[in-house]
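Have a look at data12.txt; it's compact mmCIF, C-alpha atoms:
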```
# COMPACT_ATOMS: atom_id res chain seq x y z
CA MET A 1 66.52 125.96 48.48
CA GLN A 2 69.80 126.55 50.33
CA LYS A 3 67.86 126.88 53.57
CA ASN A 4 66.12 123.51 53.07
CA LYS A 5 69.45 121.87 52.31
CA GLN A 6 70.98 123.31 55.49
CA MET A 7 68.01 122.11 57.55
CA LYS A 8 68.33 118.66 56.05
CA LEU A 9 72.06 118.52 56.94
CA THR A 10 71.32 119.68 60.48
CA THR A 11 68.62 117.04 60.84
CA ASN A 12 70.95 114.30 59.61
CA HIS A 13 73.66 115.50 62.00
CA ASN A 14 71.24 115.43 64.93
CA LYS A 15 70.15 111.94 63.93
CA ARG A 16 73.76 110.79 63.86
CA LYS A 17 74.38 112.34 67.31
CA THR A 18 71.24 110.65 68.64
CA SER A 19 72.30 107.35 67.10
CA ILE A 20 75.79 107.59 68.65
CA GLY A 21 74.24 108.52 72.02
CA LYS A 22 71.95 105.49 71.85
CA LYS A 23 74.87 103.23 70.97
CA ILE A 24 76.92 104.52 73.90
CA LYS A 25 73.96 104.11 76.24
CA PHE A 26 73.35 100.60 74.90
CA ILE A 27 77.01 99.65 75.35
CA LEU A 28 76.99 100.98 78.92
CA ILE A 29 73.84 99.05 79.77
CA ILE A 30 75.19 95.85 78.23
CA SER A 31 78.49 96.33 80.06
CA PHE A 32 76.72 96.91 83.37
CA VAL A 33 74.50 93.87 82.92
CA THR A 34 77.51 91.77 81.89
CA VAL A 35 79.42 92.80 85.02
CA ILE A 36 76.42 92.03 87.25
CA VAL A 37 75.90 88.64 85.61
CA PHE A 38 79.61 87.86 85.97
CA LEU A 39 79.59 88.81 89.67
CA VAL A 40 76.46 86.76 90.35
CA LEU A 41 77.85 83.73 88.51
CA ALA A 42 81.22 84.07 90.28
CA GLU A 43 79.44 84.30 93.64
CA ILE A 44 77.38 81.18 92.90
CA LEU A 45 80.42 79.28 91.60
CA LEU A 46 82.48 80.10 94.70
CA PHE A 47 79.56 79.18 96.94
CA LEU A 48 79.35 75.76 95.28
CA ILE A 49 83.05 75.02 94.83
CA ASN A 50 84.97 76.99 97.46
CA PRO A 51 82.77 78.83 99.99
CA GLN A 52 84.76 81.42 101.94
CA PRO A 53 84.87 81.89 105.72
CA TYR A 54 83.63 85.19 107.08
CA GLN A 55 82.79 87.13 110.24
CA TYR A 56 79.73 89.35 110.19
CA PRO A 57 79.97 92.05 111.28
CA THR A 58 83.74 92.12 111.23
CA LEU A 59 86.16 94.41 113.05
CA LYS A 60 85.53 98.10 112.48
CA PHE A 61 87.90 101.05 112.37
CA SER A 62 88.68 102.74 115.70
CA GLU A 63 90.45 106.06 116.12
CA LYS A 64 91.87 104.92 119.47
CA TYR A 65 92.71 101.28 118.77
CA LYS A 66 92.79 101.06 114.96
CA LYS A 67 90.26 98.20 115.12
CA ILE A 68 87.60 96.93 117.48
CA TYR A 69 84.42 94.86 117.30
CA HIS A 70 81.01 96.47 116.90
CA SER A 71 79.19 97.06 120.18
CA ASN A 72 76.05 95.17 121.27
CA VAL A 73 75.99 92.75 118.34
CA THR A 74 76.12 89.01 117.81
CA ILE A 75 78.96 88.21 115.44
CA LYS A 76 78.41 85.26 113.12
CA HIS A 77 81.69 83.49 112.42
CA HIS A 78 81.09 81.09 109.55
CA ASN A 79 83.61 78.65 108.12
CA PRO A 80 81.47 76.35 105.93
CA PRO A 81 79.77 74.28 107.14
CA LYS A 82 80.39 75.29 110.78
CA THR A 83 79.34 78.48 112.56
CA ARG A 84 80.19 80.09 115.91
CA TYR A 85 78.50 83.09 117.56
CA TYR A 86 80.13 85.83 119.65
CA SER A 87 78.11 88.45 121.54
CA THR A 88 79.67 91.83 122.37
CA ASN A 89 78.90 94.39 125.04
CA GLU A 90 78.59 98.16 124.78
CA PHE A 91 82.37 98.55 124.30
CA GLY A 92 82.81 95.75 121.75
CA PHE A 93 84.33 93.22 124.18
CA ARG A 94 83.12 89.64 124.68
CA GLN A 95 79.89 89.98 126.63
CA SER A 96 79.92 86.51 128.19
CA SER A 97 83.25 87.06 129.96
CA CYS A 98 83.43 90.79 130.64
CA THR A 99 81.62 91.83 133.81
CA LEU A 100 82.28 95.55 133.81
CA SER A 101 81.67 96.25 137.47
CA LYS A 102 83.28 96.32 140.90
CA GLU A 103 80.75 94.47 143.03
CA ASN A 104 80.76 93.08 146.56
CA ASN A 105 84.44 93.85 147.03
CA LYS A 106 85.46 91.12 144.61
CA THR A 107 89.02 90.91 143.33
CA ASN A 108 88.97 92.25 139.79
CA ILE A 109 91.08 90.48 137.16
CA ILE A 110 91.82 92.21 133.84
CA LEU A 111 92.59 89.97 130.86
CA LEU A 112 94.59 91.55 128.02
CA GLY A 113 95.12 89.78 124.71
CA ASP A 114 93.92 89.29 121.16
CA SER A 115 91.57 86.85 119.42
CA PHE A 116 92.51 83.89 121.65
CA THR A 117 91.59 85.94 124.72
CA PHE A 118 88.43 87.26 123.09
CA GLY A 119 87.51 83.65 122.45
CA ILE A 120 87.49 83.19 118.68
CA GLY A 121 86.56 79.59 117.87
CA VAL A 122 83.96 78.89 120.56
CA ASN A 123 80.41 80.04 121.24
CA ASP A 124 79.53 82.39 124.09
CA GLY A 125 80.32 80.96 127.50
CA PHE A 126 82.97 78.51 126.29
CA GLU A 127 85.94 80.88 125.97
CA PHE A 128 88.57 80.39 128.68
CA ALA A 129 87.70 83.74 130.28
CA SER A 130 84.16 82.50 130.92
CA VAL A 131 85.54 79.25 132.35
CA MET A 132 87.64 81.33 134.75
CA THR A 133 84.64 83.47 135.64
CA ASN A 134 82.49 80.48 136.53
CA LYS A 135 85.20 78.81 138.60
CA LEU A 136 86.28 81.92 140.49
CA LYS A 137 82.80 82.95 141.62
CA PRO A 138 81.94 84.53 143.98
CA ASP A 139 85.30 85.96 145.06
CA TYR A 140 86.74 87.17 141.75
CA ASN A 141 85.47 89.17 138.82
CA VAL A 142 86.99 88.61 135.35
CA ILE A 143 87.04 91.52 132.90
CA ASN A 144 88.03 90.29 129.43
CA LEU A 145 89.42 93.13 127.31
CA GLY A 146 90.82 90.95 124.53
CA ILE A 147 90.15 91.95 120.91
CA GLY A 148 91.13 90.04 117.77
CA GLY A 149 94.20 91.42 116.00
CA TRP A 150 95.39 93.54 118.91
CA GLY A 151 99.01 93.84 120.01
CA LEU A 152 100.50 95.08 123.26
CA THR A 153 100.11 98.73 122.19
CA GLN A 154 96.32 98.38 122.11
CA GLU A 155 96.26 96.20 125.23
CA ILE A 156 98.21 98.76 127.26
CA ARG A 157 96.05 101.62 126.04
CA VAL A 158 92.78 99.88 126.81
CA PHE A 159 94.03 99.08 130.31
CA TYR A 160 94.62 102.75 131.12
CA GLU A 161 91.49 104.00 129.37
CA ILE A 162 89.07 101.31 130.60
CA GLY A 163 90.66 98.56 132.67
CA GLN A 164 92.19 100.59 135.48
CA SER A 165 88.85 102.22 136.29
CA TYR A 166 87.73 98.87 137.78
CA ASP A 167 90.51 98.99 140.38
CA PRO A 168 92.00 95.62 139.43
CA GLU A 169 94.37 93.70 141.67
CA ILE A 170 95.50 91.36 138.89
CA VAL A 171 96.31 91.87 135.21
CA ILE A 172 96.99 88.87 132.95
CA ILE A 173 98.60 89.32 129.52
CA ILE A 174 98.10 86.49 127.01
CA PHE A 175 100.90 86.64 124.45
CA CYS A 176 100.40 85.61 120.82
CA ASN A 177 102.98 85.39 118.03
CA ASN A 178 101.41 88.18 115.99
CA ASP A 179 101.74 90.69 118.85
CA PRO A 180 105.29 91.96 118.15
CA ASP A 181 104.48 92.82 114.52
CA ASP A 182 101.05 94.23 115.40
CA ASN A 183 102.73 96.68 117.78
CA LEU A 184 104.59 98.20 114.84
CA LEU A 185 101.65 98.11 112.43
CA ASP A 186 99.22 99.61 114.96
CA ALA A 187 101.41 101.80 117.13
CA VAL A 188 98.63 103.45 119.14
CA THR A 189 100.94 103.64 122.17
CA GLU A 190 104.42 105.16 122.28
CA ILE A 191 106.98 105.69 125.03
CA LYS A 192 108.24 109.22 125.66
CA ASN A 193 110.44 110.12 128.60
CA GLY A 194 109.69 106.78 130.21
CA LYS A 195 105.91 107.23 130.05
CA PHE A 196 103.17 106.09 127.70
CA GLU A 197 101.68 108.44 125.15
CA PHE A 198 98.58 107.45 123.19
CA ILE A 199 98.12 108.28 119.52
CA ASP A 200 94.76 108.60 117.80
CA SER A 201 94.20 107.78 114.14
CA ASN A 202 91.99 109.66 111.71
CA ASP A 203 90.85 109.29 108.12
CA ALA A 204 93.99 110.99 106.83
CA SER A 205 96.44 108.79 108.74
CA ALA A 206 94.49 105.54 108.51
CA GLY A 207 95.77 102.97 106.04
CA ILE A 208 93.74 101.75 103.09
CA LEU A 209 92.59 98.62 104.96
CA SER A 210 91.38 100.75 107.87
CA LYS A 211 89.42 102.94 105.47
CA VAL A 212 87.86 99.91 103.80
CA SER A 213 87.05 98.46 107.23
CA LYS A 214 85.38 101.70 108.29
CA LEU A 215 83.27 101.67 105.13
CA LEU A 216 82.33 98.00 104.90
CA SER A 217 82.74 96.36 108.34
CA GLY A 218 79.00 96.29 109.02
CA SER A 219 77.92 95.74 105.42
CA ILE A 220 76.21 92.59 104.17
CA ILE A 221 79.01 92.38 101.62
CA GLN A 222 81.08 90.76 104.40
CA LYS A 223 79.11 87.57 103.67
CA SER A 224 80.05 87.57 99.98
CA ASN A 225 82.27 84.70 98.85
CA LEU A 226 83.70 86.76 96.00
CA TYR A 227 84.45 89.73 98.24
CA ASN A 228 86.11 87.56 100.90
CA SER A 229 88.25 85.66 98.39
CA ILE A 230 89.58 88.96 97.01
CA ARG A 231 89.85 90.57 100.44
CA ASN A 232 91.78 87.66 101.97
CA PHE A 233 94.21 87.60 99.06
CA LEU A 234 94.84 91.34 99.20
CA TYR A 235 95.12 91.35 103.00
CA LEU A 236 97.81 88.67 102.98
CA LYS A 237 99.74 90.61 100.33
CA TYR A 238 99.35 93.91 102.20
CA HIS A 239 100.28 92.43 105.58
CA ALA A 240 103.34 90.60 104.23
CA ASN A 241 104.54 93.76 102.47
CA ALA A 242 103.97 95.90 105.56
CA ILE A 243 105.94 93.50 107.74
CA LYS A 244 108.73 93.36 105.16
CA GLN A 245 109.03 97.15 105.13
CA ILE A 246 109.10 97.27 108.92
CA ASN A 247 111.90 94.72 109.13
CA GLU A 248 114.07 96.38 106.46
CA PRO A 249 116.94 96.92 106.37
CA GLU A 250 118.00 93.47 107.51
CA ILE A 251 119.59 93.42 110.94
CA LYS A 252 122.79 91.74 112.00
CA ALA A 253 122.60 88.50 113.96
CA SER A 254 123.80 90.28 117.11
CA GLU A 255 121.10 92.97 116.98
CA ILE A 256 117.63 92.76 118.46
CA PRO A 257 114.81 92.76 115.87
CA GLU A 258 112.77 95.95 116.00
CA ASN A 259 109.51 94.13 116.75
CA GLU A 260 111.01 92.31 119.75
CA LYS A 261 112.83 95.42 120.99
CA PHE A 262 109.67 97.52 120.98
CA TYR A 263 107.67 94.78 122.70
CA CYS A 264 110.26 94.54 125.49
CA GLU A 265 110.28 98.33 125.94
CA LEU A 266 106.49 98.46 126.21
CA LEU A 267 106.31 95.55 128.63
CA ASN A 268 109.11 96.94 130.81
CA VAL A 269 107.39 100.30 131.32
CA PHE A 270 104.01 98.62 131.87
CA ALA A 271 105.35 96.10 134.40
CA ASN A 272 107.14 98.78 136.42
CA ASP A 273 104.08 101.03 136.46
CA LEU A 274 101.77 98.24 137.63
CA LYS A 275 104.27 97.32 140.35
CA GLN A 276 104.16 100.89 141.64
CA ARG A 277 100.37 100.80 141.60
CA GLY A 278 100.31 97.57 143.61
CA ILE A 279 98.80 95.54 140.76
CA LYS A 280 100.06 92.00 140.19
CA LEU A 281 101.01 91.35 136.55
CA MET A 282 100.86 87.79 135.20
CA PHE A 283 102.05 86.72 131.77
CA ALA A 284 101.28 83.60 129.72
CA SER A 285 101.73 82.61 126.09
CA ILE A 286 99.49 80.82 123.63
CA ASN A 287 100.85 77.35 122.87
CA TYR A 288 100.79 75.04 119.88
CA LEU A 289 101.44 71.43 118.94
CA LYS A 290 104.61 70.84 116.92
CA ASP A 291 105.98 67.38 116.05
CA GLY A 292 103.98 65.83 118.86
CA LYS A 293 105.26 68.33 121.45
CA ILE A 294 103.43 71.25 123.03
CA GLU A 295 105.46 74.43 122.74
CA SER A 296 104.96 78.08 123.59
CA GLU A 297 104.71 80.73 120.88
CA LEU A 298 106.98 82.83 123.08
CA GLN A 299 109.85 80.51 122.13
CA ASP A 300 109.77 81.95 118.62
CA PHE A 301 110.94 85.30 120.07
CA PRO A 302 114.14 84.63 122.02
CA PHE A 303 114.78 88.24 123.01
CA ILE A 304 111.26 88.72 124.35
CA GLU A 305 111.42 85.37 126.13
CA LYS A 306 114.71 86.33 127.79
CA HIS A 307 113.25 89.67 128.88
CA ILE A 308 110.19 87.92 130.34
CA PHE A 309 112.42 85.69 132.44
CA GLU A 310 114.38 88.73 133.63
CA LEU A 311 111.21 90.57 134.66
CA ASP A 312 110.01 87.43 136.40
CA SER A 313 113.26 87.12 138.37
CA LEU A 314 112.91 90.76 139.45
CA GLY A 315 109.37 90.19 140.69
CA LEU A 316 107.88 92.57 138.13
CA ILE A 317 105.80 89.89 136.46
CA ASP A 318 104.68 86.36 137.24
CA TYR A 319 105.44 84.24 134.19
CA ILE A 320 103.12 81.23 133.80
CA ASN A 321 104.25 78.32 131.62
CA ILE A 322 100.92 76.75 130.68
CA ASN A 323 102.31 73.89 128.57
CA ASP A 324 102.30 71.31 131.37
CA TRP A 325 98.56 71.79 131.80
CA PHE A 326 97.87 70.33 128.35
CA ASN A 327 97.93 66.92 126.71
CA ASN A 328 98.17 66.57 122.94
CA GLU A 329 94.49 65.62 122.86
CA ASP A 330 93.58 69.02 124.33
CA MET A 331 95.02 70.93 121.37
CA LEU A 332 91.95 70.47 119.22
CA PRO A 333 91.41 73.19 116.61
CA SER A 334 88.04 74.85 116.28
CA PRO A 335 86.26 74.28 112.95
CA VAL A 336 86.20 78.06 112.46
CA GLY A 337 89.80 78.67 113.51
CA HIS A 338 91.84 78.91 116.72
CA TYR A 339 91.13 76.31 119.43
CA ASP A 340 87.94 74.48 120.35
CA LYS A 341 86.30 74.44 123.76
CA ARG A 342 88.49 71.63 125.15
CA TRP A 343 91.59 73.83 124.96
CA ASN A 344 89.64 76.74 126.44
CA PHE A 345 88.38 74.64 129.35
CA VAL A 346 91.88 73.37 130.19
CA LEU A 347 93.36 76.88 130.11
CA GLY A 348 90.50 78.56 131.97
CA ASP A 349 90.27 75.89 134.66
CA ASN A 350 94.01 75.81 135.38
CA LEU A 351 94.46 79.56 135.13
CA ALA A 352 91.72 80.03 137.72
CA ASP A 353 93.49 77.60 140.06
CA TYR A 354 96.79 79.41 139.50
CA VAL A 355 95.23 82.78 140.34
CA VAL A 356 93.79 81.48 143.60
CA ALA A 357 97.03 79.77 144.59
CA ASN A 358 99.25 82.75 143.78
CA THR A 359 97.22 85.87 144.58
CA ASN A 360 95.97 85.55 148.11
CA LYS A 361 95.94 88.79 150.06
CA LYS A 362 99.24 88.05 151.73
CA THR A 363 101.13 87.76 148.45
CA LEU A 364 99.48 90.65 146.62
CA PRO A 365 101.67 93.78 146.63
CA GLU A 366 100.35 96.70 148.64
CA LYS A 367 98.54 99.30 146.58
CA ASP A 368 100.06 102.72 146.16
CA THR A 369 97.71 105.12 147.96
CA LYS A 370 99.59 108.25 146.94
```
Conversion result in structure tokens:
Amino acid sequence: MQKNKQMKLTTNHNKRKTSIGKKIKFILIISFVTVIVFLVLAEILLFLINPQPYQYPTLKFSEKYKKIYHSNVTIKHHNPPKTRYYSTNEFGFRQSSCTLSKENNKTNIILLGDSFTFGIGVNDGFEFASVMTNKLKPDYNVINLGIGGWGLTQEIRVFYEIGQSYDPEIVIIIFCNNDPDDNLLDAVTEIKNGKFEFIDSNDASAGILSKVSKLLSGSIIQKSNLYNSIRNFLYLKYHANAIKQINEPEIKASEIPENEKFYCELLNVFANDLKQRGIKLMFASINYLKDGKIESELQDFPFIEKHIFELDSLGLIDYININDWFNNEDMLPSPVGHYDKRWNFVLGDNLADYVVANTNKKTLPEKDTK
């Protein structure tokens, strides 16, 4: 009798455990389904009301440069309802304006810059580097090493690791207003004892955005409206906070901001080294339209601008003020961001003319054969 009663209690206990287990499983399933339904509905709602721009695939994590485009892909840059396409070569640079060769004794020109130099905003063949390439044939060869989001630290490193192997006679830096801050955020190049030292990143030292980029840069999730709305919001918060931390504590009016100081130090060492190598260094800045007037982004950084003029006066760089080449009508934005092909054609066409007029063999410095 006691045994039957104990068995009955055990059975009831097991039934209760089974019942609780089923309830937990049911709750988990319902919760999972609810989350999926919410995500799907949110995705559809954003698609209908506020579709998000995206690049696919986007920049990926790089141990050498922190970020770089995927190699041998066609990037779809979509800003509803417009789309632009960018093809990359085996190194992740813009394929249509990066002839990685030294052929027929042509004069090699290395372009260093960020997204404007890469050619964000226009389809293959319409970026200003391609315009230069077409106009300078058959005597010059343009090698475009611009990558979106790069600063001078990445540009200098890629020159020594890739660009210099093509024995260039001309290097052109295209300045953009995000460069000084990017140098501090992505310090892949440092100066020690007057020389450059390159710093690799790894999973341990990479920031959270770099880790996310490494995981998701080639994923289809990059096309998700919900993902991009959250990602863009978090990126702006992260970037603003990172810049704020870099610039703290606040400096006195008489002091040079850290971002401008570091930029000047990098450029000074780079310009002197290229001079010794017999390579002509040119420097130009992206421009913009403000209150009906075309201005240079370099003007927003007075200490860097002053240093540029000093280097120019010493013959270490050739500063090019591109503003006079443009009319207000040329400053047309691209529907996916940056400038459209009209701006690119004006810059590429005039820059090609400037190169020819200012880099004939008589004016090029003699190469160091030591």
Notebook entry, point to check: Using all atoms listed in the file, which of A:Glu329, A:Ile36, A:Tyr85, A:Ile162 sits nearest Tyr56 of chain A?
Noted result: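 Of A:Glu329, A:Ile36, A:Tyr85, A:Ile162, the one nearest Tyr56 of chain A, counting all atoms listed in the file, is A:Tyr85.
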Checklist line | Of the listed residues A:His78, A:Arg157, A:Lys275, A:Lys280, that which approaches Leu145 of chain A most closely, counting all atoms listed in the file | finding: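 For Leu145 of chain A, the nearest of the candidates is A:Arg157.
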Notebook entry, point to check: In Å, how far is it from atom CA of Ala129 of chain A to atom CA of Ile173 of chain A?
Noted result: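 Atom CA of Ile173 of chain A lies at a distance of 12.3 Å from atom CA of Ala129 of chain A.
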Find the smallest box with edges along x, y and z containing every listed atom of segment 333-350 of chain A, then add 3 Å on each side and report centre and edge lengths in Å to one decimal, as JSON.
```
{"center_x": 90.1, "center_y": 75.3, "center_z": 123.9, "size_x": 13.8, "size_y": 13.3, "size_z": 28.9}
```
Next item on the list: Show which residues sit within 8 Å of Ile304 of chain A, as a list in words. Count only C-alpha atoms, and ignore same-chain residues fewer than 2 positions away.
Entry: Glu260, Lys261, Tyr263, Cys264, Leu298, Phe301, Pro302, Lys306, His307 and Ile308 of chain A
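Atom pair atom CA of Asn321 of chain A / atom CA of Gln95 of chain A has a distance of 27.5 Å (rounded to one decimal).
Residue nearest Lys60 of chain A within the list A:Pro81, A:Pro138, A:Ile109, A:Gly149: A:Gly149 [criterion: smallest interatomic distance, only C-alpha atoms].
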Next item on the list: Would you mind listing what lies within 10 Å of Ser334 of chain A as an MDAnalysis selection string, with all atoms listed in the file counted and same-chain residues fewer than 6 positions away left out?
Entry: chainID A and resid 82 84 120:122 340:343
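Put simply, atom CA of Asp181 of chain A is 28.1 Å away from atom CA of Ser130 of chain A.
For the choices A:Met282, A:Leu311, A:Met331, A:Ile156, the atom-to-atom distance to Phe270 of chain A is smallest for A:Ile156 when using only C-alpha atoms.
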Next item on the list: Counting all atoms listed in the file, find the residues whose atoms lie at most 10 Å from (100.8, 93.2, 123.2) (file coordinates) and write them out as a ChimeraX atom specification.
Entry: /A:112-114,149-156,173-183,263-264,266-267
Next item on the list: Go through A:Met132, A:Lys66, A:Asn72, A:Phe126 one by one, measure the shortest atom-to-atom distance of each to Phe198 of chain A using all atoms listed in the file, and give the residue with the smallest value.
Entry: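 Of A:Met132, A:Lys66, A:Asn72, A:Phe126, the one nearest Phe198 of chain A, counting all atoms listed in the file, is A:Lys66.
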Next item on the list: Measuring atom to atom with only C-alpha atoms, identify which of A:Asp324, A:Asp330, A:Asp349, A:Asp139 is nearest to Asn105 of chain A.
Entry: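 Going through A:Asp324, A:Asp330, A:Asp349, A:Asp139 one by one, the smallest distance to Asn105 of chain A is for A:Asp139.
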